[in-house]
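Just below is one structure, and these are the notes that go with it.
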Amino acid sequence: MEFFRIKKDIPFMRHALVLNAISLITFLAAVFFLWHNGLHLSIEFTGGTVMEVSYPQAAPLDSIRAKVEKLGYADTQIQNFGSSRDIMIRLPLQKDAEGKLISSADQSAAVMQVLEPANSGAKLQRVEFVGPQVGQELAMDGLKALIFVIIGIVIYLSFRFEWKFAVAGIIANLHDIVIILGFFAFFQWEFSLSVLAAVLAVLGYSVNESVVIFDRIRENFRKYRKMNTREIIDNAITSTISRTVITHGSTEMMVLAMLVFGGPTLFYFALALTIGILFGIYSSVFVAAALAMWLGVTREDLVKGDKKPDDNTRNDDPNFGARV
Amino acid sequence: MNRYPLWKYVVIAVALLIGGLYSLPNFYGEAPAVQISSAKPTIKVDLATQARVEKILSEADISNTGIFFENAPNVGTIKIRFSNTDIQLRARDLLQQKINLDQNDPSFTVALNLLSNTPSWLSAINALPMPLGLDLRGGVYFLLQVDMKGAVQKKVTSLATDIRTQLRDKNIRHQGIERGADSITINFGSTTDADSARTVLLSVQPELVWQVKPTGLSPKLVGEFKPTALKEIQDNAVKQNIITLNKRVNELAVKEPVIQQQGAERIVVQLPGVQDTARAKDIIGRTATLESRLADPSVSSIGIGETPPPGMDTFRFGENRLGVFKKSVIFSGDRITDASAGFDQNQRPAVNISLDAAGGRVMQEVTRENIGKPMGMILFEKGKGEVLTIATIQGEFGSKFQITGQPTTASANDLALLLRAGSLAAPMEIIEERTIGPSLGAENIEKGFKSLLIGFSAIAIFMMAYYLLFGTFSVIALAVNLLLLISVLSMLQATLTLPGIAAMALALGMAIDSNVLINERIREELRSGAAPQTAIAVGFDKAWATILDSNVTTLIAGLALLAFGSGPIKGFAVVHCLGILTSMFSAVFFSRGLVNLWYGRQKVQKLAIGQVWRPQEK
């Protein structure tokens, strides 16, 4: 079996302008939705209480809403979770008449009481309470982690290649991140700690896609002295595309398994990974290399000071690669 | 070419052996067990208790498959493993009856538990199963914040009282003492008074830095805590609260509770299996109080069932006696500023107690009139009193005194702890809480592993179909990666959580990347006409640089999560990072070993790596 039977280098870079325009539009749309809708942050970031209650039959959402509303808690959200028999109740941080925080045990006990577990068979499956200071800390830590990853990767790439590639690589992958966040903002999917973890994992993962292509570009610069930059990039992408699609496909298989079989807890985690992986392929192929091209990457940037013999001559050596 | 020296195969074999051994305990499952822990602050579970348990069981002819004694900080537990639940229940009932002398007021809690079925030869090399996180087995998680301001404030209050007395003793006149958040300000009428007060206080209150601030006619003497003293107060507050929590949690008869300090001022409490959050909170939040009273001079203690003298209170004293006390309280626990274990003048273990000035004054009056008579300390929890100690008053003393006659240093330490526990160091507040039902936990673990298995199978089928023999090598390498990852996690005793399982799945999905890279490179070499053996060597070599690059970038993200993540994210990050490291070994070193073993020692015409398509015209 061989999926990719490519006879000639595909002229990816001929369409670079169009593709970059599409990227820019998607990116701007994502930014717009982030700004307009905002992220639907989980209580891990906002503080508050989440309860998961399961019923023996389909849960009567309307009557549950009516009952809980009577408690007088502000901004409660009640929705199905995973199946029609499970519901999720979100209560923001509640203050009593004296402005003191009501503890989550009291809240959840009060809610459970109005749900009348004895009659309805409602069972409390999970309670999660996050105080206001913890929520803020988690949000700050998330931001710090993101910055740390970006700086770390830029440093690594500039050290490994040179700054034009580092900039191109990180912009391409940040563009993925913003698009993932855009999806979460547009559909108002819940953005939780595990989604954040997925986003950062994807960032680290898809950068290596760009690394593979950059590696090939550098190799090609050494190998094919006659090609211009555009042809070199086209060749590099063409010769790595099989690998790009297969590796991402394999990783995606695992992620899809989590998405489909992992249950509601892993759903958004897997969803963020799926979007990230799909856009990761797109951005490293079409965005990163094109950006490097616009930034004016040249043979001299990569090959200068390189004292290794030309790869072509080395390849002719029958003992090339041999280790004794 | 393409041969490994012997030592590389040895390394692989050793890694596989260790990986196999240490991941093995995870597959044994759990056996029914009974857990015995202390129900009272004064009763300790130790090796003597274990002997007693063994005797009770052997007398009743109940066989067990292992008795384990664990000494968590200050709290001992005994766990006995049985072969089936029938025996477990019988043993529980028997132990409950025999080990507690008073059934109405049991000294020990006997609870059902589950214990890993790992054979003892594996436990002996420290091969233990990964503990499951609360999201996988259900339970309660609390994050408590210790109110440090409260702790410091308390110290300031007691110091202010002491200082007032000390200045009076030296006949230094002042115009009032003000208590700040973490400082004490004393107003004086003249600079001479302020200076002489400073000299006195420098020697008696070394925890504070004293400075005179001349403000017009009324100079001020300001005492501020030294940073080290402040840190000590905070450390002690957290430590003391942890000890108190340990004792309280023990009462819930929870299997394997976790109580740990997190950061400078937070405490994590994890109670697996507990569902009733309200009750758990009630017990955790309860404060104990301590009282000191004079004992009955004629009979300070009586046996259970005997009638106490009229007009006296009785409280439990040890396992089978009652202490007899007068009704009036000499001082209560909040007067105790410090209690620590030490030695008396004969170098026998003793407990040193410091009271604040008010407590000291009362103590002085009472001891002066009652020399030679017994007095005791009683700890009240849940409204029930428990006698900690009864001692004879040897002389008149004030705010600093000793309780001697402790049999061992350990018991002196325990008593000091209990005395301190009576005065809870600082208030605490729950700032994060998670409760997960046991059925949800079971569902999580099942779904997590199911998706891992399905994903793995899908990748395996694809790899073997697309890359044939090389794909099979890759799949074996992937399985080895999983094995190594599980064994490393078990060795570290990392808690397995749902994000951890997700990270495991993701690690496998990303690890196959390296193998795809290698296989594609080999195909590419073959396509450009390289001989099979050369293609293998070049393929592995060229792929290595790329694999390293991609793993480094992934690792950067993993480390960031590890450094800044908390709770569930940390579990994810640990597995993620370790997965990257094990994948480098399995995908490159190990799979090369397999390839070398297969192809290395023969002349090869063709590699079974799937179809290598060549463009016809070029």
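Please note that chains go A, B, ... in the order of the structure tokens, that every chain numbers its residues from 1, and that ligands are numbered from 1 in the order shown.
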Could you pull out the helix (DSSP H, G or I) residues of stretch 54-83 of chain A, going by DSSP on the backbone, and write them as a VMD selection string?
chain A and resid 61 to 69
Could you please tell me, as a list in words, which residues of chain A have an atom within 6 Å of chain B when using only C-alpha atoms?
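Here is what falls inside 6 Å: Met1, Lys7, Ala105, Gln125, Arg126, Val127, Glu128, Phe129, Val130, Gly131, Asp141, Ala145, Val149, Leu200, Ala201, Gly204, Tyr205, Asn208, Thr247, Ser250, Thr251, Met253, Met254, Ala257, Met258, Phe261, Gly262 and Gly321 of chain A.
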Save the residues we just selected, C-alpha atoms, as an mmCIF file, in the first residue's frame?
```cif
data_model
loop_
_atom_site.group_PDB
_atom_site.id
_atom_site.type_symbol
_atom_site.label_atom_id
_atom_site.label_comp_id
_atom_site.auth_asym_id
_atom_site.auth_seq_id
_atom_site.Cartn_x
_atom_site.Cartn_y
_atom_site.Cartn_z
ATOM 1 C CA MET A 1 0.000 0.000 0.000
ATOM 2 C CA LYS A 7 4.984 12.261 -9.578
ATOM 3 C CA ALA A 105 -21.889 21.649 50.632
ATOM 4 C CA GLN A 125 -22.682 11.724 40.989
ATOM 5 C CA ARG A 126 -20.208 14.536 41.308
ATOM 6 C CA VAL A 127 -19.785 17.890 42.993
ATOM 7 C CA GLU A 128 -17.053 20.309 42.198
ATOM 8 C CA PHE A 129 -16.539 23.582 43.985
ATOM 9 C CA VAL A 130 -13.849 26.100 43.201
ATOM 10 C CA GLY A 131 -13.329 29.180 45.322
ATOM 11 C CA ASP A 141 -1.185 29.654 35.623
ATOM 12 C CA ALA A 145 2.085 28.009 30.776
ATOM 13 C CA VAL A 149 5.583 27.185 25.764
ATOM 14 C CA LEU A 200 -0.846 23.233 24.931
ATOM 15 C CA ALA A 201 -0.164 19.625 23.979
ATOM 16 C CA GLY A 204 3.989 21.286 21.187
ATOM 17 C CA TYR A 205 2.864 18.574 18.818
ATOM 18 C CA ASN A 208 7.180 19.454 15.265
ATOM 19 C CA THR A 247 1.442 10.513 11.583
ATOM 20 C CA SER A 250 -2.452 7.816 13.561
ATOM 21 C CA THR A 251 -2.553 10.315 16.389
ATOM 22 C CA MET A 253 -7.157 7.692 15.425
ATOM 23 C CA MET A 254 -6.272 7.615 19.093
ATOM 24 C CA ALA A 257 -11.244 6.807 20.058
ATOM 25 C CA MET A 258 -11.269 9.147 23.060
ATOM 26 C CA PHE A 261 -15.654 6.210 23.557
ATOM 27 C CA GLY A 262 -14.118 8.369 26.266
ATOM 28 C CA GLY A 321 25.426 5.755 6.943
#
```
Which residues are close to A:Pro60, i.e. within 12 Å by only C-alpha atoms, leaving aside same-chain residues fewer than 3 positions away? Reply as a PyMOL selection string.
chain A and resi 53-57+63-67+78-80+84-87+115+120-122
What parts of stretch 298-494 of chain B does DSSP call strand (DSSP E or B)? I'd like the answer as number ranges by chain.
B: 301-303, 313-317, 321-332, 336-343, 349-355, 374-381, 384-392, 400-403, 428-436
Best match for closeness to A:Ala272 among A:Val260, A:Ile237, A:Ile179, A:Ile232, counting only C-alpha atoms
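Comparing A:Val260, A:Ile237, A:Ile179, A:Ile232 against A:Ala272, the winner is A:Ile179.
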Can you list, as an MDAnalysis selection string, every protein, DNA or RNA residue that comes within 12 Å of A:Glu162 when you count only C-alpha atoms, leaving out same-chain residues fewer than 4 positions away?
chainID A and resid 154:158 166:169 211 214:215 218 292 295 297:304
Could you state the separation of atom CA of B:Ala350 and atom CA of B:Gly376 in Å, given to one decimal place?
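Here the two named atoms are 14.9 Å from each other.
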To one decimal in Å, tell me the separation between atom CA of A:His40 and atom CA of B:Val269.
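Calculated distance between atom CA of A:His40 and atom CA of B:Val269 is 29.1 Å.
Closest approach to A:Ile177 among A:Leu71, A:Leu34, A:Met227, A:Ile246 is made by A:Leu34 (distances from only C-alpha atoms).
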Show me, as a PDB file with N, CA and C atoms, in the first residue's frame, the residues that have an atom within 9 Å of B:Leu159 when counting only C-alpha atoms, minus same-chain residues fewer than 3 positions from it.
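Result file is selection-v3.pdb:
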```pdb
ATOM      1  N   LYS B 154      -3.261  35.570  66.341  1.00  0.00           N
ATOM      2  CA  LYS B 154      -3.399  34.849  67.600  1.00  0.00           C
ATOM      3  C   LYS B 154      -2.119  34.974  68.424  1.00  0.00           C
ATOM      4  N   LYS B 155      -1.006  34.840  67.710  1.00  0.00           N
ATOM      5  CA  LYS B 155       0.283  34.948  68.366  1.00  0.00           C
ATOM      6  C   LYS B 155       0.467  36.371  68.917  1.00  0.00           C
ATOM      7  N   VAL B 156       0.087  37.357  68.146  1.00  0.00           N
ATOM      8  CA  VAL B 156       0.219  38.748  68.574  1.00  0.00           C
ATOM      9  C   VAL B 156      -0.573  38.970  69.854  1.00  0.00           C
ATOM     10  N   ASP B 162       1.459  38.750  77.385  1.00  0.00           N
ATOM     11  CA  ASP B 162       2.719  38.441  78.061  1.00  0.00           C
ATOM     12  C   ASP B 162       3.510  39.715  78.341  1.00  0.00           C
ATOM     13  N   ILE B 163       3.580  40.583  77.330  1.00  0.00           N
ATOM     14  CA  ILE B 163       4.396  41.792  77.451  1.00  0.00           C
ATOM     15  C   ILE B 163       3.864  42.694  78.556  1.00  0.00           C
ATOM     16  N   ARG B 164       2.552  42.782  78.619  1.00  0.00           N
ATOM     17  CA  ARG B 164       1.941  43.601  79.670  1.00  0.00           C
ATOM     18  C   ARG B 164       2.431  43.147  81.043  1.00  0.00           C
ATOM     19  N   ILE B 184       3.503  44.813  67.345  1.00  0.00           N
ATOM     20  CA  ILE B 184       2.967  45.317  68.611  1.00  0.00           C
ATOM     21  C   ILE B 184       3.570  46.697  68.854  1.00  0.00           C
ATOM     22  N   GLN B 205      11.597  38.686  74.587  1.00  0.00           N
ATOM     23  CA  GLN B 205      10.804  38.426  73.377  1.00  0.00           C
ATOM     24  C   GLN B 205      11.703  38.430  72.149  1.00  0.00           C
ATOM     25  N   ASP B 356      -0.023  31.406  78.414  1.00  0.00           N
ATOM     26  CA  ASP B 356       0.066  32.860  78.327  1.00  0.00           C
ATOM     27  C   ASP B 356      -0.031  33.444  79.738  1.00  0.00           C
ATOM     28  N   ALA B 357       0.112  34.748  79.849  1.00  0.00           N
ATOM     29  CA  ALA B 357       0.246  35.375  81.166  1.00  0.00           C
ATOM     30  C   ALA B 357      -0.972  35.107  82.047  1.00  0.00           C
TER      31      ALA B 357
END
```
List the neighbours of B:Thr185 out to 6 Å using only C-alpha atoms; skip same-chain residues closer than 4 positions along the sequence, and give me the result as a PDB file with N, CA and C atoms, in the first residue's frame.
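Result file is part-v6.pdb:
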```pdb
ATOM      1  N   ILE B 177      -0.833  49.300  75.069  1.00  0.00           N
ATOM      2  CA  ILE B 177      -0.222  48.423  74.066  1.00  0.00           C
ATOM      3  C   ILE B 177      -1.209  48.270  72.910  1.00  0.00           C
ATOM      4  N   GLU B 178      -0.729  48.542  71.693  1.00  0.00           N
ATOM      5  CA  GLU B 178      -1.595  48.369  70.516  1.00  0.00           C
ATOM      6  C   GLU B 178      -1.150  47.143  69.740  1.00  0.00           C
ATOM      7  N   LEU B 221       7.415  52.251  71.125  1.00  0.00           N
ATOM      8  CA  LEU B 221       8.305  51.105  70.944  1.00  0.00           C
ATOM      9  C   LEU B 221       7.553  50.112  70.056  1.00  0.00           C
ATOM     10  N   VAL B 222       8.129  49.864  68.885  1.00  0.00           N
ATOM     11  CA  VAL B 222       7.437  48.990  67.939  1.00  0.00           C
ATOM     12  C   VAL B 222       8.164  47.659  67.820  1.00  0.00           C
TER      13      VAL B 222
END
```
Contacts of A:Met13 within 8 Å, only C-alpha atoms, excl. fewer than 3 positions in-chain, as a PyMOL selection string
chain A and resi 16-17+230+233-234+286+290
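Going from atom CA of A:Tyr73 to atom CA of A:Ala58 covers 24.3 Å.
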